[in-house]
$ cat final.json   # JSON, C-alpha atoms (C1' of nucleotides)
[["chain", "number", "residue", "atom", "x", "y", "z"],
["X", 1, "MET", "CA", 18.72, -38.57, -76.35],
["X", 2, "THR", "CA", 20.80, -35.61, -75.36],
["X", 3, "GLY", "CA", 19.25, -33.04, -77.61],
["X", 4, "ASP", "CA", 22.67, -32.82, -79.15],
["X", 5, "HIS", "CA", 22.29, -32.67, -82.89],
["X", 6, "LEU", "CA", 25.46, -34.53, -83.78],
["X", 7, "SER", "CA", 24.61, -37.29, -81.34],
["X", 8, "THR", "CA", 21.24, -37.71, -82.99],
["X", 9, "ILE", "CA", 22.86, -38.06, -86.39],
["X", 10, "PHE", "CA", 25.50, -40.54, -85.26],
["X", 11, "SER", "CA", 22.88, -42.51, -83.43],
["X", 12, "ALA", "CA", 20.71, -42.66, -86.52],
["X", 13, "LEU", "CA", 23.68, -43.92, -88.52],
["X", 14, "SER", "CA", 24.61, -46.54, -85.96],
["X", 15, "ASP", "CA", 22.06, -49.05, -87.21],
["X", 16, "PRO", "CA", 22.87, -51.16, -90.28],
["X", 17, "THR", "CA", 19.25, -51.27, -91.39],
["X", 18, "ARG", "CA", 19.07, -47.51, -91.38],
["X", 19, "ARG", "CA", 22.30, -47.20, -93.33],
["X", 20, "ALA", "CA", 20.92, -49.69, -95.83],
["X", 21, "ILE", "CA", 17.81, -47.55, -96.12],
["X", 22, "LEU", "CA", 19.97, -44.53, -96.87],
["X", 23, "ALA", "CA", 21.88, -46.53, -99.46],
["X", 24, "ARG", "CA", 18.62, -47.53, -101.04],
["X", 25, "LEU", "CA", 17.36, -43.95, -101.03],
["X", 26, "ALA", "CA", 20.57, -42.82, -102.68],
["X", 27, "SER", "CA", 19.22, -44.34, -105.86],
["X", 28, "GLY", "CA", 15.88, -42.62, -105.65],
["X", 29, "GLU", "CA", 12.67, -42.15, -103.70],
["X", 30, "THR", "CA", 10.83, -45.20, -102.41],
["X", 31, "SER", "CA", 7.83, -46.14, -100.37],
["X", 32, "VAL", "CA", 7.83, -47.85, -97.00],
["X", 33, "SER", "CA", 6.69, -51.24, -98.23],
["X", 34, "GLU", "CA", 9.34, -51.30, -100.92],
["X", 35, "LEU", "CA", 11.91, -50.51, -98.28],
["X", 36, "ALA", "CA", 10.60, -53.23, -96.02],
["X", 37, "ARG", "CA", 10.80, -55.99, -98.59],
["X", 38, "PRO", "CA", 14.56, -56.64, -98.88],
["X", 39, "PHE", "CA", 15.07, -56.51, -95.12],
["X", 40, "SER", "CA", 12.52, -59.09, -94.10],
["X", 41, "LEU", "CA", 11.29, -56.64, -91.51],
["X", 42, "ARG", "CA", 7.70, -55.67, -90.83],
["X", 43, "ALA", "CA", 6.39, -52.33, -91.99],
["X", 44, "PRO", "CA", 6.05, -50.80, -88.52],
["X", 45, "THR", "CA", 9.72, -51.46, -87.91],
["X", 46, "ILE", "CA", 10.63, -49.59, -91.06],
["X", 47, "THR", "CA", 8.33, -46.76, -90.06],
["X", 48, "LYS", "CA", 10.20, -46.49, -86.79],
["X", 49, "HIS", "CA", 13.55, -46.44, -88.55],
["X", 50, "LEU", "CA", 12.29, -43.78, -90.91],
["X", 51, "LYS", "CA", 11.19, -41.67, -88.00],
["X", 52, "VAL", "CA", 14.65, -41.88, -86.54],
["X", 53, "LEU", "CA", 16.19, -40.91, -89.86],
["X", 54, "GLU", "CA", 13.67, -38.13, -90.33],
["X", 55, "HIS", "CA", 14.31, -36.80, -86.86],
["X", 56, "ALA", "CA", 18.01, -36.74, -87.67],
["X", 57, "GLY", "CA", 17.23, -34.78, -90.81],
["X", 58, "LEU", "CA", 18.53, -37.55, -93.05],
["X", 59, "VAL", "CA", 15.23, -38.24, -94.74],
["X", 60, "ARG", "CA", 12.34, -36.12, -95.93],
["X", 61, "ARG", "CA", 8.94, -37.51, -96.66],
["X", 62, "SER", "CA", 6.30, -36.46, -99.09],
["X", 63, "ARG", "CA", 2.91, -37.70, -100.03],
["X", 64, "GLN", "CA", 1.45, -39.23, -103.14],
["X", 65, "ALA", "CA", -1.83, -41.11, -102.87],
["X", 66, "GLN", "CA", -1.55, -43.63, -100.04],
["X", 67, "ARG", "CA", 2.19, -43.76, -100.33],
["X", 68, "ARG", "CA", 4.58, -41.65, -98.30],
["X", 69, "PRO", "CA", 7.77, -41.81, -100.31],
["X", 70, "CYS", "CA", 11.07, -40.95, -98.66],
["X", 71, "ARG", "CA", 13.89, -38.89, -100.06],
["X", 72, "LEU", "CA", 17.48, -38.79, -98.92],
["X", 73, "GLU", "CA", 18.57, -35.56, -97.26],
["X", 74, "ALA", "CA", 22.34, -35.38, -97.09],
["X", 75, "ALA", "CA", 22.95, -32.18, -95.18],
["X", 76, "PRO", "CA", 23.54, -33.95, -91.85],
["X", 77, "LEU", "CA", 26.14, -36.14, -93.50],
["X", 78, "LYS", "CA", 27.98, -33.00, -94.43],
["X", 79, "GLU", "CA", 27.96, -31.98, -90.79],
["X", 80, "VAL", "CA", 29.48, -35.30, -89.89],
["X", 81, "THR", "CA", 32.31, -34.91, -92.37],
["X", 82, "GLU", "CA", 32.99, -31.46, -91.01],
["X", 83, "TRP", "CA", 33.24, -32.86, -87.52],
["X", 84, "LEU", "CA", 35.56, -35.58, -88.79],
["X", 85, "GLU", "CA", 37.82, -33.06, -90.52],
["X", 86, "GLN", "CA", 39.01, -32.06, -87.08],
["X", 87, "TYR", "CA", 40.69, -35.45, -86.81],
["X", 88, "ARG", "CA", 41.94, -35.92, -90.34],
["X", 89, "GLN", "CA", 45.50, -35.10, -89.39],
["X", 90, "PHE", "CA", 45.52, -38.09, -87.07],
["X", 91, "TRP", "CA", 45.21, -40.57, -89.87],
["X", 92, "THR", "CA", 46.74, -38.74, -92.83],
["X", 93, "ARG", "CA", 50.02, -38.04, -91.11],
["X", 94, "SER", "CA", 52.03, -40.77, -89.58],
["X", 95, "MET", "CA", 50.77, -40.33, -86.06],
["X", 96, "SER", "CA", 54.20, -39.36, -84.74],
["X", 97, "ARG", "CA", 54.56, -37.81, -81.33],
["X", 98, "LEU", "CA", 55.40, -34.51, -83.01],
["X", 99, "ASP", "CA", 52.18, -34.59, -84.94],
["X", 100, "ASN", "CA", 50.22, -35.03, -81.76],
["X", 101, "TYR", "CA", 52.05, -32.08, -80.29],
["X", 102, "LEU", "CA", 51.21, -29.92, -83.26],
["X", 103, "ALA", "CA", 47.62, -31.03, -83.06],
["X", 104, "ALA", "CA", 47.53, -29.94, -79.47],
["X", 105, "MET", "CA", 48.91, -26.54, -80.44],
["X", 106, "GLU", "CA", 46.06, -25.88, -82.80],
["X", 107, "PRO", "CA", 43.05, -27.10, -80.94],
["X", 108, "GLU", "CA", 40.07, -25.69, -82.73],
["X", 109, "GLY", "CA", 41.40, -22.75, -84.70],
["X", 110, "LYS", "CA", 40.54, -22.38, -88.32],
["X", 111, "LYS", "CA", 43.28, -20.33, -89.87],
["X", 112, "LYS", "CA", 44.49, -18.22, -87.02],
["X", 113, "HIS", "CA", 47.48, -16.54, -88.62],
["X", 114, "ALA", "CA", 48.94, -19.95, -89.33],
["X", 115, "ARG", "CA", 52.48, -19.01, -90.23],
["X", 116, "LYS", "CA", 53.49, -22.52, -91.08],
["X", 117, "LYS", "CA", 51.20, -25.34, -91.89],
["X", 118, "ARG", "CA", 48.82, -23.57, -94.20],
["X", 119, "ASN", "CA", 46.28, -26.30, -93.57],
["D", 1, "MET", "CA", 25.24, -54.76, -81.04],
["D", 2, "THR", "CA", 25.09, -56.17, -84.52],
["D", 3, "GLY", "CA", 28.68, -57.25, -84.86],
["D", 4, "ASP", "CA", 28.85, -54.79, -87.70],
["D", 5, "HIS", "CA", 32.03, -52.80, -87.44],
["D", 6, "LEU", "CA", 30.70, -49.54, -88.82],
["D", 7, "SER", "CA", 27.70, -49.72, -86.51],
["D", 8, "THR", "CA", 30.01, -50.11, -83.56],
["D", 9, "ILE", "CA", 31.97, -47.04, -84.58],
["D", 10, "PHE", "CA", 28.91, -44.87, -85.19],
["D", 11, "SER", "CA", 27.40, -46.03, -81.95],
["D", 12, "ALA", "CA", 30.58, -45.13, -80.08],
["D", 13, "LEU", "CA", 30.49, -41.66, -81.63],
["D", 14, "SER", "CA", 26.83, -41.11, -80.83],
["D", 15, "ASP", "CA", 27.50, -40.04, -77.26],
["D", 16, "PRO", "CA", 28.63, -36.47, -76.57],
["D", 17, "THR", "CA", 30.74, -37.50, -73.60],
["D", 18, "ARG", "CA", 32.65, -39.95, -75.76],
["D", 19, "ARG", "CA", 33.20, -37.37, -78.48],
["D", 20, "ALA", "CA", 34.46, -34.99, -75.82],
["D", 21, "ILE", "CA", 36.84, -37.68, -74.63],
["D", 22, "LEU", "CA", 38.16, -38.04, -78.16],
["D", 23, "ALA", "CA", 38.55, -34.28, -78.42],
["D", 24, "ARG", "CA", 40.48, -34.30, -75.19],
["D", 25, "LEU", "CA", 42.70, -37.16, -76.36],
["D", 26, "ALA", "CA", 43.41, -35.29, -79.56],
["D", 27, "SER", "CA", 45.68, -33.08, -77.51],
["D", 28, "GLY", "CA", 47.56, -35.94, -75.90],
["D", 29, "GLU", "CA", 47.36, -38.98, -73.68],
["D", 30, "THR", "CA", 45.48, -38.74, -70.41],
["D", 31, "SER", "CA", 44.45, -40.87, -67.49],
["D", 32, "VAL", "CA", 40.93, -41.86, -66.50],
["D", 33, "SER", "CA", 40.67, -39.56, -63.51],
["D", 34, "GLU", "CA", 41.84, -36.59, -65.53],
["D", 35, "LEU", "CA", 39.22, -37.40, -68.10],
["D", 36, "ALA", "CA", 36.54, -37.72, -65.45],
["D", 37, "ARG", "CA", 37.18, -34.32, -63.88],
["D", 38, "PRO", "CA", 35.77, -31.91, -66.46],
["D", 39, "PHE", "CA", 32.66, -34.01, -67.02],
["D", 40, "SER", "CA", 31.47, -34.30, -63.44],
["D", 41, "LEU", "CA", 31.06, -38.00, -64.02],
["D", 42, "ARG", "CA", 32.25, -40.78, -61.78],
["D", 43, "ALA", "CA", 35.26, -42.83, -62.72],
["D", 44, "PRO", "CA", 33.33, -46.03, -63.48],
["D", 45, "THR", "CA", 31.26, -44.16, -66.01],
["D", 46, "ILE", "CA", 34.39, -42.99, -67.78],
["D", 47, "THR", "CA", 35.79, -46.50, -67.68],
["D", 48, "LYS", "CA", 32.65, -47.72, -69.41],
["D", 49, "HIS", "CA", 32.89, -45.04, -72.06],
["D", 50, "LEU", "CA", 36.53, -45.89, -72.63],
["D", 51, "LYS", "CA", 35.64, -49.53, -73.09],
["D", 52, "VAL", "CA", 33.14, -48.58, -75.74],
["D", 53, "LEU", "CA", 35.70, -46.42, -77.49],
["D", 54, "GLU", "CA", 38.35, -49.09, -77.16],
["D", 55, "HIS", "CA", 36.02, -51.73, -78.54],
["D", 56, "ALA", "CA", 35.37, -49.45, -81.51],
["D", 57, "GLY", "CA", 39.12, -49.16, -82.01],
["D", 58, "LEU", "CA", 39.06, -45.44, -81.33],
["D", 59, "VAL", "CA", 41.25, -45.59, -78.25],
["D", 60, "ARG", "CA", 44.27, -47.59, -77.23],
["D", 61, "ARG", "CA", 45.38, -47.96, -73.66],
["D", 62, "SER", "CA", 48.77, -48.45, -72.14],
["D", 63, "ARG", "CA", 50.12, -48.76, -68.65],
["D", 64, "GLN", "CA", 52.35, -46.62, -66.51],
["D", 65, "ALA", "CA", 52.37, -47.26, -62.78],
["D", 66, "GLN", "CA", 48.76, -47.28, -61.56],
["D", 67, "ARG", "CA", 47.61, -45.15, -64.45],
["D", 68, "ARG", "CA", 46.18, -46.52, -67.66],
["D", 69, "PRO", "CA", 46.58, -43.66, -70.06],
["D", 70, "CYS", "CA", 44.50, -43.55, -73.22],
["D", 71, "ARG", "CA", 45.63, -42.62, -76.68],
["D", 72, "LEU", "CA", 43.50, -41.60, -79.62],
["D", 73, "GLU", "CA", 43.37, -44.08, -82.48],
["D", 74, "ALA", "CA", 41.97, -42.44, -85.59],
["D", 75, "ALA", "CA", 41.81, -45.31, -88.05],
["D", 76, "PRO", "CA", 38.09, -45.95, -87.51],
["D", 77, "LEU", "CA", 37.38, -42.30, -88.22],
["D", 78, "LYS", "CA", 39.02, -42.80, -91.56],
["D", 79, "GLU", "CA", 36.64, -45.67, -92.23],
["D", 80, "VAL", "CA", 33.74, -43.39, -91.43],
["D", 81, "THR", "CA", 34.89, -40.73, -93.87],
["D", 82, "GLU", "CA", 35.27, -43.38, -96.52],
["D", 83, "TRP", "CA", 31.72, -44.50, -95.94],
["D", 84, "LEU", "CA", 30.56, -40.89, -96.11],
["D", 85, "GLU", "CA", 32.37, -40.30, -99.40],
["D", 86, "GLN", "CA", 29.70, -42.43, -101.01],
["D", 87, "TYR", "CA", 27.21, -39.64, -100.29],
["D", 88, "ARG", "CA", 29.36, -36.59, -100.91],
["D", 89, "GLN", "CA", 27.74, -35.94, -104.26],
["D", 90, "PHE", "CA", 24.40, -35.49, -102.50],
["D", 91, "TRP", "CA", 25.50, -32.36, -100.73],
["D", 92, "THR", "CA", 28.18, -30.97, -103.02],
["D", 93, "ARG", "CA", 25.96, -30.92, -106.05],
["D", 94, "SER", "CA", 22.68, -29.11, -105.93],
["D", 95, "MET", "CA", 20.54, -32.15, -105.28],
["D", 96, "SER", "CA", 18.70, -31.82, -108.56],
["D", 97, "ARG", "CA", 16.68, -34.67, -109.92],
["D", 98, "LEU", "CA", 19.33, -35.20, -112.57],
["D", 99, "ASP", "CA", 21.97, -35.54, -109.93],
["D", 100, "ASN", "CA", 20.00, -38.24, -108.21],
["D", 101, "TYR", "CA", 19.65, -40.00, -111.48],
["D", 102, "LEU", "CA", 23.39, -39.84, -112.11],
["D", 103, "ALA", "CA", 24.03, -41.02, -108.60],
["D", 104, "ALA", "CA", 21.87, -44.04, -109.26],
["D", 105, "MET", "CA", 23.79, -44.71, -112.46],
["D", 106, "GLU", "CA", 27.13, -44.76, -110.67],
["D", 107, "PRO", "CA", 26.45, -46.88, -107.68],
["D", 108, "GLU", "CA", 29.84, -47.71, -106.26],
["D", 109, "GLY", "CA", 32.34, -46.72, -108.93],
["D", 110, "LYS", "CA", 35.51, -44.78, -108.20],
["D", 111, "LYS", "CA", 36.45, -42.43, -111.04],
["D", 112, "LYS", "CA", 35.98, -44.35, -114.18],
["D", 113, "HIS", "CA", 35.23, -41.43, -116.52],
["D", 114, "ALA", "CA", 31.98, -43.06, -117.48],
["D", 115, "ARG", "CA", 32.46, -44.55, -120.86],
["D", 116, "LYS", "CA", 29.14, -46.27, -120.85],
["D", 117, "LYS", "CA", 28.96, -47.66, -117.37],
["D", 118, "ARG", "CA", 31.21, -50.65, -117.80],
["D", 119, "ASN", "CA", 30.02, -52.33, -114.66],
["W", 1, "DC", "C1'", -20.78, -47.24, -99.10],
["W", 2, "DG", "C1'", -17.67, -51.14, -98.85],
["W", 3, "DG", "C1'", -13.50, -52.97, -99.75],
["W", 4, "DC", "C1'", -8.53, -52.75, -100.74],
["W", 5, "DT", "C1'", -3.85, -51.21, -100.01],
["W", 6, "DA", "C1'", -0.34, -48.37, -97.55],
["W", 7, "DA", "C1'", 1.26, -46.69, -93.51],
["W", 8, "DT", "C1'", 1.07, -45.42, -88.70],
["W", 9, "DT", "C1'", -0.12, -45.96, -83.90],
["W", 10, "DA", "C1'", -0.46, -48.49, -79.66],
["W", 11, "DG", "C1'", 1.04, -51.85, -76.72],
["W", 12, "DC", "C1'", 4.16, -55.43, -75.55],
["W", 13, "DC", "C1'", 8.79, -57.68, -74.84],
["W", 14, "DA", "C1'", 13.73, -58.39, -74.42],
["W", 15, "DT", "C1'", 17.90, -56.32, -74.45],
["W", 16, "DA", "C1'", 21.21, -52.42, -74.37],
["W", 17, "DC", "C1'", 22.71, -48.06, -72.42],
["W", 18, "DG", "C1'", 24.29, -44.41, -69.23],
["W", 19, "DG", "C1'", 24.57, -43.48, -64.84],
["W", 20, "DT", "C1'", 25.40, -44.66, -59.77],
["W", 21, "DA", "C1'", 27.54, -46.64, -55.23],
["W", 22, "DA", "C1'", 30.16, -50.12, -53.17],
["W", 23, "DA", "C1'", 33.58, -53.55, -53.35],
["W", 24, "DA", "C1'", 37.69, -55.52, -55.52],
["W", 25, "DT", "C1'", 42.45, -55.05, -57.91],
["W", 26, "DA", "C1'", 46.90, -52.94, -59.02],
["W", 27, "DA", "C1'", 50.82, -50.61, -58.16],
["W", 28, "DA", "C1'", 53.45, -47.25, -55.72],
["W", 29, "DC", "C1'", 55.25, -45.66, -51.17],
["W", 30, "DC", "C1'", 56.30, -45.31, -46.14],
["O", 1, "DG", "C1'", 52.97, -55.19, -44.17],
["O", 2, "DG", "C1'", 49.80, -51.39, -44.38],
["O", 3, "DT", "C1'", 48.29, -47.19, -46.62],
["O", 4, "DT", "C1'", 47.22, -44.52, -50.35],
["O", 5, "DT", "C1'", 45.93, -43.61, -55.14],
["O", 6, "DA", "C1'", 44.06, -45.16, -59.69],
["O", 7, "DT", "C1'", 41.14, -48.02, -61.98],
["O", 8, "DT", "C1'", 38.01, -51.75, -62.73],
["O", 9, "DT", "C1'", 34.33, -54.92, -61.47],
["O", 10, "DT", "C1'", 29.93, -55.83, -59.72],
["O", 11, "DA", "C1'", 25.43, -55.19, -58.91],
["O", 12, "DC", "C1'", 21.52, -52.13, -59.56],
["O", 13, "DC", "C1'", 18.19, -48.58, -61.65],
["O", 14, "DG", "C1'", 15.57, -46.02, -65.10],
["O", 15, "DT", "C1'", 15.11, -45.23, -69.71],
["O", 16, "DA", "C1'", 15.84, -46.02, -74.71],
["O", 17, "DT", "C1'", 15.99, -49.18, -78.59],
["O", 18, "DG", "C1'", 14.59, -52.64, -82.06],
["O", 19, "DG", "C1'", 11.60, -55.97, -83.00],
["O", 20, "DC", "C1'", 6.80, -57.95, -83.12],
["O", 21, "DT", "C1'", 1.37, -58.23, -83.53],
["O", 22, "DA", "C1'", -2.98, -56.16, -83.64],
["O", 23, "DA", "C1'", -5.66, -52.32, -84.33],
["O", 24, "DT", "C1'", -6.27, -47.78, -86.57],
["O", 25, "DT", "C1'", -6.02, -44.16, -89.95],
["O", 26, "DA", "C1'", -5.58, -42.47, -94.91],
["O", 27, "DG", "C1'", -6.57, -42.61, -99.47],
["O", 28, "DC", "C1'", -7.94, -44.95, -103.78],
["O", 29, "DC", "C1'", -11.50, -47.49, -106.55],
["O", 30, "DG", "C1'", -15.50, -50.35, -107.85]]

$ encode --input "final.json" --output "structure tokens"
Amino acid sequence: MTGDHLSTIFSALSDPTRRAILARLASGETSVSELARPFSLRAPTITKHLKVLEHAGLVRRSRQAQRRPCRLEAAPLKEVTEWLEQYRQFWTRSMSRLDNYLAAMEPEGKKKHARKKRN
Amino acid sequence: MTGDHLSTIFSALSDPTRRAILARLASGETSVSELARPFSLRAPTITKHLKVLEHAGLVRRSRQAQRRPCRLEAAPLKEVTEWLEQYRQFWTRSMSRLDNYLAAMEPEGKKKHARKKRN
DNA sequence: CGGCTAATTAGCCATACGGTAAAATAAACC
DNA sequence: GGTTTATTTTACCGTATGGCTAATTAGCCG
């Protein structure tokens, strides 16, 4: 763990079980035991995964009776797409040598009096 | 390692050094030792990171003399954005309860101006 | 209270990861 | 051929991760 926020998010997303949990939560809140069922994993394992997701800000938990239902929190996913935007040009254009050159010219800049290439 | 492709990609992206390597490669090919310099990491460490990136399909390597320059390969990043698209509605809309309900109604569908949910 | 259900904590285990130093390869160059 | 430079391979180390079981806490209900 580097303390780096983006690393935490990517790391949380790097497990298929956790992505499946997110997919499940996309269709509504659920409890831990309901989440555990389809994965044939024990409850403590799911709890651990939820902690990872929660720590990454991808899940928020509430409380109702004994249950601690989880809700999807998508803000970190937005951060990820914003990070990815930086590289979009590398797959939308044809990856020519010229494209790479242009990419190098505009390293991080947002609009930066962009005469041509209005982004 | 789960064998899952997406997991491999996310895992590769979950390290800040590797993301920095990608950022560096976005401005052109480079050799291992040039990559190592700004990170104050030893060459073998960079080699390992490059292997991870290469295995995730994010980097391609060539050969010129003793150098093995690396080139950015962005296709996997496209896959990631496509996976993320599935969740875009969760941060673009206001996350109301109704939105969640609608999201549940339209699980995987593309545009399909919702006649009645023809699925 | 006592019991029941849901979830977490604690402890264990095997494996993976990020880093290192030292040795081995690869290719140029004198 | 021998030297130099670039990179990889080969151990090795400490820590993190994903899974488990068993024990513990939290909250309902009879």

$ atom_distance --input "final.json" --atom1 "C1' of DT15 in chain O" --atom2 "C1' of DT20 in chain W"
14.3 Å

$ interface_residues --input "final.json" --of "chain D" --to "chain X" --cutoff "6 Å" --atoms "all atoms listed in the file" --output "PyMOL selection string"
chain D and resi 7+10-11+14-15+27+74+90-91+104

$ interface_residues --input "final.json" --of "chain D" --to "chain W" --cutoff "10 Å" --atoms "all atoms listed in the file" --output "PyMOL selection string"
chain D and resi 1+15+41-42+44-45+48-49+64-67

$ interface_residues --input "final.json" --of "chain O" --to "chain D" --cutoff "10 Å" --atoms "all atoms listed in the file" --output "ChimeraX atom specification"
/O:5-9

$ atom_distance --input "final.json" --atom1 "CA of Leu53 in chain D" --atom2 "C1' of DT17 in chain O"
19.9 Å

$ atom_distance --input "final.json" --atom1 "CA of Val59 in chain D" --atom2 "CA of Arg18 in chain D"
10.6 Å

$ build_atoms --input "final.json" --residues "range 23-50 of chain D" --atoms "N, CA and C atoms" --output "mmCIF file, in the frame of the given file"
data_model
loop_
_atom_site.group_PDB
_atom_site.id
_atom_site.type_symbol
_atom_site.label_atom_id
_atom_site.label_comp_id
_atom_site.auth_asym_id
_atom_site.auth_seq_id
_atom_site.Cartn_x
_atom_site.Cartn_y
_atom_site.Cartn_z
ATOM 1 N N ALA D 23 38.010 -35.628 -78.229
ATOM 2 C CA ALA D 23 38.550 -34.280 -78.420
ATOM 3 C C ALA D 23 39.678 -34.023 -77.423
ATOM 4 N N ARG D 24 39.443 -34.467 -76.201
ATOM 5 C CA ARG D 24 40.480 -34.300 -75.190
ATOM 6 C C ARG D 24 41.733 -35.097 -75.550
ATOM 7 N N LEU D 25 41.559 -36.301 -76.020
ATOM 8 C CA LEU D 25 42.700 -37.160 -76.360
ATOM 9 C C LEU D 25 43.433 -36.653 -77.593
ATOM 10 N N ALA D 26 42.750 -35.845 -78.380
ATOM 11 C CA ALA D 26 43.410 -35.290 -79.560
ATOM 12 C C ALA D 26 44.582 -34.401 -79.166
ATOM 13 N N SER D 27 44.562 -33.926 -77.934
ATOM 14 C CA SER D 27 45.680 -33.080 -77.510
ATOM 15 C C SER D 27 46.640 -33.840 -76.611
ATOM 16 N N GLY D 28 46.573 -35.151 -76.626
ATOM 17 C CA GLY D 28 47.560 -35.940 -75.900
ATOM 18 C C GLY D 28 46.956 -36.976 -74.967
ATOM 19 N N GLU D 29 47.784 -37.926 -74.585
ATOM 20 C CA GLU D 29 47.360 -38.980 -73.680
ATOM 21 C C GLU D 29 46.886 -38.419 -72.341
ATOM 22 N N THR D 30 45.975 -39.144 -71.732
ATOM 23 C CA THR D 30 45.480 -38.740 -70.410
ATOM 24 C C THR D 30 45.041 -39.963 -69.633
ATOM 25 N N SER D 31 44.921 -39.788 -68.352
ATOM 26 C CA SER D 31 44.450 -40.870 -67.490
ATOM 27 C C SER D 31 42.941 -40.773 -67.316
ATOM 28 N N VAL D 32 42.374 -41.806 -66.714
ATOM 29 C CA VAL D 32 40.930 -41.860 -66.500
ATOM 30 C C VAL D 32 40.461 -40.736 -65.596
ATOM 31 N N SER D 33 41.154 -40.556 -64.479
ATOM 32 C CA SER D 33 40.670 -39.560 -63.510
ATOM 33 C C SER D 33 40.760 -38.147 -64.075
ATOM 34 N N GLU D 34 41.766 -37.902 -64.888
ATOM 35 C CA GLU D 34 41.840 -36.590 -65.530
ATOM 36 C C GLU D 34 40.688 -36.407 -66.502
ATOM 37 N N LEU D 35 40.340 -37.479 -67.168
ATOM 38 C CA LEU D 35 39.220 -37.400 -68.100
ATOM 39 C C LEU D 35 37.912 -37.171 -67.359
ATOM 40 N N ALA D 36 37.791 -37.799 -66.192
ATOM 41 C CA ALA D 36 36.540 -37.720 -65.450
ATOM 42 C C ALA D 36 36.279 -36.295 -64.955
ATOM 43 N N ARG D 37 37.327 -35.620 -64.536
ATOM 44 C CA ARG D 37 37.180 -34.320 -63.880
ATOM 45 C C ARG D 37 36.243 -33.355 -64.625
ATOM 46 N N PRO D 38 36.578 -32.961 -65.843
ATOM 47 C CA PRO D 38 35.770 -31.910 -66.460
ATOM 48 C C PRO D 38 34.323 -32.310 -66.740
ATOM 49 N N PHE D 39 34.002 -33.586 -66.662
ATOM 50 C CA PHE D 39 32.660 -34.010 -67.020
ATOM 51 C C PHE D 39 31.735 -34.148 -65.819
ATOM 52 N N SER D 40 32.261 -34.016 -64.625
ATOM 53 C CA SER D 40 31.470 -34.300 -63.440
ATOM 54 C C SER D 40 30.766 -35.635 -63.579
ATOM 55 N N LEU D 41 31.550 -36.615 -63.967
ATOM 56 C CA LEU D 41 31.060 -38.000 -64.020
ATOM 57 C C LEU D 41 31.985 -38.839 -63.160
ATOM 58 N N ARG D 42 31.433 -39.905 -62.611
ATOM 59 C CA ARG D 42 32.250 -40.780 -61.780
ATOM 60 C C ARG D 42 33.196 -41.604 -62.635
ATOM 61 N N ALA D 43 34.245 -42.065 -62.004
ATOM 62 C CA ALA D 43 35.260 -42.830 -62.720
ATOM 63 C C ALA D 43 34.694 -44.059 -63.434
ATOM 64 N N PRO D 44 33.839 -44.830 -62.792
ATOM 65 C CA PRO D 44 33.330 -46.030 -63.480
ATOM 66 C C PRO D 44 32.623 -45.685 -64.786
ATOM 67 N N THR D 45 31.952 -44.573 -64.784
ATOM 68 C CA THR D 45 31.260 -44.160 -66.010
ATOM 69 C C THR D 45 32.275 -43.921 -67.123
ATOM 70 N N ILE D 46 33.356 -43.242 -66.775
ATOM 71 C CA ILE D 46 34.390 -42.990 -67.780
ATOM 72 C C ILE D 46 35.006 -44.308 -68.249
ATOM 73 N N THR D 47 35.255 -45.189 -67.307
ATOM 74 C CA THR D 47 35.790 -46.500 -67.680
ATOM 75 C C THR D 47 34.886 -47.177 -68.704
ATOM 76 N N LYS D 48 33.585 -47.122 -68.451
ATOM 77 C CA LYS D 48 32.650 -47.720 -69.410
ATOM 78 C C LYS D 48 32.775 -47.061 -70.778
ATOM 79 N N HIS D 49 32.777 -45.749 -70.792
ATOM 80 C CA HIS D 49 32.890 -45.040 -72.060
ATOM 81 C C HIS D 49 34.181 -45.432 -72.782
ATOM 82 N N LEU D 50 35.251 -45.528 -72.011
ATOM 83 C CA LEU D 50 36.530 -45.890 -72.630
ATOM 84 C C LEU D 50 36.470 -47.290 -73.224
#
